[in-house]
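The structure appears below as structure tokens.
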Amino acid sequence: MLGPIPVAKRVGRFSYAIRNIVSEARAVEALGMRVRYLNIGDPVAFGYQPPPHLIEAAERAMRDGQNGYLPSAGILEAREAVAADYTARGVSVSPDRVLITTGTGEGIELAINSLVDDGDEVLVPTPTYPLYTAVLAKIDARPIYYRTDPANDWLPDLAHLRSLITSRTKAIVVIDPNNPTGAVYPASVRRALIDLAEEFGLTILADEVYGDLGFEGPVPPLGTLDPNAAIISFSSLSKAFLAPGWRTGWMVVGQTPRLNGVLAAAQKLADGRLCSPGPMQYAVTAALTGDRSHQVAFRKDLAERARITTESLNAIPGMRCIAPKAAFYAMPMVTLPPGRTDEDYVLALLRATGILCVYGSGFGMPASMGSFRVVFLADPSELATIYADIGAFTRDYLAHAG
Ligand SMILES: Cc1ncc(COP(=O)(O)O)c(C=O)c1O
């Protein structure tokens with residue numbers, strides 16, 4: 001009899017904790033316990049929906065017969081809307097430097113594949129959104145982790161970052177506003193990141209998918225500080241336009257001619273997947289040129305939930321939570337007894353309470369630091385119950401886990 005078909009080796013290197021952990025939750029559900037999923041940053045799962053004018057635009061496109069393949073870089077009107085939006089925010093860019101992508105995630109994948117060879121290094125923050133390390137694992141390139149510091153509002157440790165640059169370094173990943181910490185970087189830090197990248201000829205992969213979700217208002221794109229720096233920016237309809245399932249985003253390649261080859265490479269790679277989802281591309285124009293009042297309301301909701309999160313978690317003995325300034329994540333840390341890991345804590349929390357968070361080591365944090373990510377999109381009364389349960393569990397865990 002023939003044996004099992006072997007799986008490619010790269011799959012062993014690939015990990016994406018945000019989804020991997022769901023199998024643990026299913027096991028808990030199978031025992032009859034209700035699971036509260038705080039693992040994935042999906043506003044729709046918590047009752048939000050895309051604004052009606054986006055739905056109308058996508059629906060109209062379908063009814064008007066826009067159901068065929070589209071240009072691989074995306075339809076011109078969407079690319080024009082993205083270029084106009086960046087230009088209005090202070091980064092002058094032409095539509096021919098924009099690609100419409102299957103979410104931010106595909107932009108990240110296209111950019112990395114266009115820039116990075118196997119064996120090359122990319123500087124990735126800890127904690128990081130784990131897609132960067134997952135994509136690097138697939139192409140056998142190396143993530144090199146630079147610290148962001150909880151004692152300094154989760155800002156990048158610039159000296160550490162500089163010390164990690166080698167002749168193999170190709171790019172620096174900057175996630176601002178940040179998932180999973182909710183940090184927003186001040187202009188001085190952003191300026192220093194650009195200066196460092198430019199000093200060493202590195203490209204910045206600027207993940208700006210939460211740019212409209214700063215609690216004090218939209219955060220300008222990084223490129224506003226230096227229009228000639230080698231910056232590739234990514235965003236999408238997923239977060240600030242509440243349509244993550246549409247898988248529609250964009251990648252904007254900075255105007256410097258130094259990036260022309262990378263732009264051409266990304267366009268070439270994009271040809272291979274024909275196009276990103278068609279009807280949703282028509283919603284990009286609606287999103288970027290239409291009414292954004294939903295964002296005002298959403299930011300207000302998020303700020304309120306962030307406040308409840310920070311106050312409730314900091315009231316738990318042994319737990320510390322830096323106040324997020326954007327998005328819908330917080331990264332609390334619990335002082336673990338020696339020998340315990342963040343994963344151990346998170347799984348014990350899940351099994352005892354049905355609350356599913358993601359352990360910080362899934363974002364590249366040291367397991368002993370006891371960090372974990374909370375998605376705080378649930379409504380305030382449910383959050384209050386969740387944090388009371390986390391508090392009761394943690395008191396018990398710390399008392400007995402030693
Ligand atoms: C920092 C960051 N980048 C990218 C993504 C992927 O977003 P998209 O749905 O646009 O692919 C996410 C999703 O959570 C994210 O948090």
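Naming scheme: A, B, ... for chains in displayed order of the structure tokens; residues 1 onward per chain; ligands 1 onward as shown.
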
Would you list the residues that come within 10 Å of ligand 1? Count only C-alpha atoms and all ligand atoms and give the answer as a compact mmCIF listing (two decimals) with C-alpha atoms, in the first residue's frame.
# COMPACT_ATOMS: atom_id res chain seq x y z
CA ILE A 18 -4.37 33.87 15.38
CA ILE A 40 -9.46 37.77 15.51
CA GLY A 41 -9.73 41.45 14.63
CA ASP A 42 -12.98 41.26 12.67
CA THR A 101 -4.78 43.85 -3.81
CA THR A 102 -6.68 41.02 -2.20
CA GLY A 103 -6.49 42.75 1.18
CA THR A 104 -3.48 44.22 2.91
CA GLY A 105 -2.26 40.67 3.26
CA GLU A 106 -1.76 40.20 -0.46
CA GLY A 107 0.03 43.54 -0.72
CA ILE A 108 2.42 42.37 1.99
CA GLU A 109 2.99 39.10 0.18
CA THR A 128 4.38 41.69 15.20
CA TYR A 129 1.33 40.97 13.11
CA PRO A 130 2.28 37.37 12.29
CA LEU A 131 1.69 37.44 8.53
CA TYR A 132 5.14 38.97 8.00
CA VAL A 174 6.68 49.31 10.45
CA ILE A 175 3.14 48.68 11.71
CA ASP A 176 1.75 52.04 12.76
CA PRO A 177 -0.88 52.21 14.20
CA ASN A 178 0.05 48.86 15.60
CA ASN A 179 -1.51 45.47 15.85
CA PRO A 180 -1.20 43.94 18.44
CA ALA A 206 4.53 50.56 6.11
CA ASP A 207 1.47 48.68 7.31
CA GLU A 208 -1.13 51.46 7.62
CA VAL A 209 -4.27 49.36 7.71
CA TYR A 210 -5.29 51.03 11.03
CA PHE A 234 -0.47 48.99 2.58
CA SER A 235 -4.09 49.35 3.61
CA SER A 236 -7.52 47.95 2.85
CA LEU A 237 -11.26 48.04 3.34
CA SER A 238 -10.95 45.44 6.11
CA LYS A 239 -10.70 47.52 9.26
CA ALA A 240 -11.63 51.18 8.82
CA LEU A 242 -15.57 47.28 8.15
CA ALA A 243 -15.39 44.84 5.22
CA PRO A 244 -12.66 42.29 6.02
CA GLY A 245 -14.35 39.46 4.14
CA TRP A 246 -14.25 41.40 0.88
CA ARG A 247 -10.50 40.89 0.70
CA THR A 248 -9.91 44.24 -0.93
CA GLY A 249 -6.98 46.51 -0.29
CA TRP A 250 -4.21 48.49 -1.88
CA ALA A 327 -7.29 50.08 16.52
CA PHE A 328 -9.00 47.39 18.59
CA TYR A 329 -6.23 45.47 20.28

### Query
Excluding same-chain residues fewer than 3 positions from Ala197 in chain A, what lies within 9 Å of it counting only C-alpha atoms, as a ChimeraX atom specification?
/A:171-172,192-194,200-204,229-230

For the residues in that selection, give me C-alpha atoms as a PDB file, in the first residue's frame.
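To be explicit, this is the file written out as part.pdb:
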ATOM      1  CA  ALA A 171      13.438  45.923   4.565  1.00  0.00           C
ATOM      2  CA  ILE A 172      11.996  47.182   7.834  1.00  0.00           C
ATOM      3  CA  ALA A 192      14.026  58.280  12.985  1.00  0.00           C
ATOM      4  CA  LEU A 193      12.743  55.091  11.334  1.00  0.00           C
ATOM      5  CA  ILE A 194      12.844  56.742   7.922  1.00  0.00           C
ATOM      6  CA  PHE A 200      21.173  51.853   4.932  1.00  0.00           C
ATOM      7  CA  GLY A 201      19.185  51.917   1.674  1.00  0.00           C
ATOM      8  CA  LEU A 202      16.370  49.801   3.122  1.00  0.00           C
ATOM      9  CA  THR A 203      12.739  49.769   2.069  1.00  0.00           C
ATOM     10  CA  ILE A 204      10.090  50.415   4.702  1.00  0.00           C
ATOM     11  CA  ALA A 229      11.966  57.739   1.014  1.00  0.00           C
ATOM     12  CA  ALA A 230      11.644  54.130  -0.162  1.00  0.00           C
TER      13      ALA A 230
END

### Message
When you look at Tyr345 in chain A with a cut-off of 9 Å (counting only C-alpha atoms), what residues show up, excluding the ones that are within fewer than 2 positions of it in the same chain? I need them as an MDAnalysis selection string.
### Response
chainID A and resid 334 336 340:343 347:350 359 370 372 394 397

### Polymer residues at most 12 Å from Ser188 in chain A, only C-alpha atoms, same-chain spacing of 6 or more positions, as a PyMOL selection string
chain A and resi 155-156+158+194-195+222+225

#### Entry: Residues within 8 Å of range 313-317 of chain A, only C-alpha atoms, excluding chain neighbours under 6 positions, as a list of chain:residue names
A:Pro332, A:Tyr387, A:Gly391, A:Thr394, A:Arg395

### Query
Any idea what's packed within 12 Å of Pro227 in chain A, counting only C-alpha atoms, ignoring anything in its chain fewer than 2 positions away? Could you give it as a PyMOL selection string?
chain A and resi 86-87+89-93+191+194+221-225+229-233+253-257

Selected residues, C-alpha atoms, written as a PDB file, in the first residue's frame, please.
ATOM      1  CA  TYR A  86      -2.837  59.511  -0.347  1.00  0.00           C
ATOM      2  CA  THR A  87      -2.204  62.807  -2.106  1.00  0.00           C
ATOM      3  CA  ARG A  89      -3.245  63.093   3.124  1.00  0.00           C
ATOM      4  CA  GLY A  90       0.110  64.537   2.076  1.00  0.00           C
ATOM      5  CA  VAL A  91       1.832  61.780   0.073  1.00  0.00           C
ATOM      6  CA  SER A  92       1.792  62.707  -3.561  1.00  0.00           C
ATOM      7  CA  VAL A  93       1.518  59.550  -5.653  1.00  0.00           C
ATOM      8  CA  ARG A 191      11.282  60.355  11.336  1.00  0.00           C
ATOM      9  CA  ILE A 194      12.844  56.742   7.922  1.00  0.00           C
ATOM     10  CA  PRO A 221       0.731  57.926   6.245  1.00  0.00           C
ATOM     11  CA  LEU A 222       4.440  57.562   7.042  1.00  0.00           C
ATOM     12  CA  GLY A 223       5.332  58.864   3.590  1.00  0.00           C
ATOM     13  CA  THR A 224       4.125  62.363   4.522  1.00  0.00           C
ATOM     14  CA  LEU A 225       7.398  62.837   6.413  1.00  0.00           C
ATOM     15  CA  ALA A 229      11.966  57.739   1.014  1.00  0.00           C
ATOM     16  CA  ALA A 230      11.644  54.130  -0.162  1.00  0.00           C
ATOM     17  CA  ILE A 231       8.295  53.365   1.462  1.00  0.00           C
ATOM     18  CA  ILE A 232       5.646  50.888   0.354  1.00  0.00           C
ATOM     19  CA  SER A 233       2.357  51.493   2.130  1.00  0.00           C
ATOM     20  CA  VAL A 253       4.711  52.272  -3.925  1.00  0.00           C
ATOM     21  CA  GLY A 254       6.495  55.517  -3.024  1.00  0.00           C
ATOM     22  CA  GLN A 255       7.424  57.855  -5.842  1.00  0.00           C
ATOM     23  CA  THR A 256      11.202  57.423  -5.585  1.00  0.00           C
ATOM     24  CA  PRO A 257      12.621  55.953  -8.833  1.00  0.00           C
TER      25      PRO A 257
END

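Relative to CA of Asp120 in chain A, CA of Ser371 in chain A is found at 28.7 Å.
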
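Checking A:Ala88, A:Val11, A:Val184, A:Leu99 one by one against Leu136 in chain A, counting only C-alpha atoms, you find the shortest gap at A:Val11.
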
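Using only C-alpha atoms, the smallest distance between any of A:Gly214, A:Pro220, A:Pro125, A:Gly360 and Asp301 in chain A comes from A:Gly214.
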
## Note on the structure
Judged by only C-alpha atoms, the minimum distance to Arg273 in chain A among A:Val124, A:Leu213, A:Val374, A:Leu70 is found for A:Leu70

### Query
Which is closest to Lys325 in chain A among A:Ala306, A:Ala384, A:Ala264, A:Ile112, if we use only C-alpha atoms?
A:Ala306

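Nearest residue to Gly318 in chain A among A:Glu382, A:Asp396, A:Asp344, A:Glu304 is A:Asp396, counting only C-alpha atoms.
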
### A:Tyr16, A:Thr181, A:Ala111, A:Leu205 ranked by distance to Gly261 in chain A, top pick (using only C-alpha atoms)
A:Ala111

#### Entry: Test item: residues at most 7 Å from Tyr69 in chain A, only C-alpha atoms, excluding those fewer than 3 positions along its chain, as a PyMOL selection string
chain A and resi 274-275+278
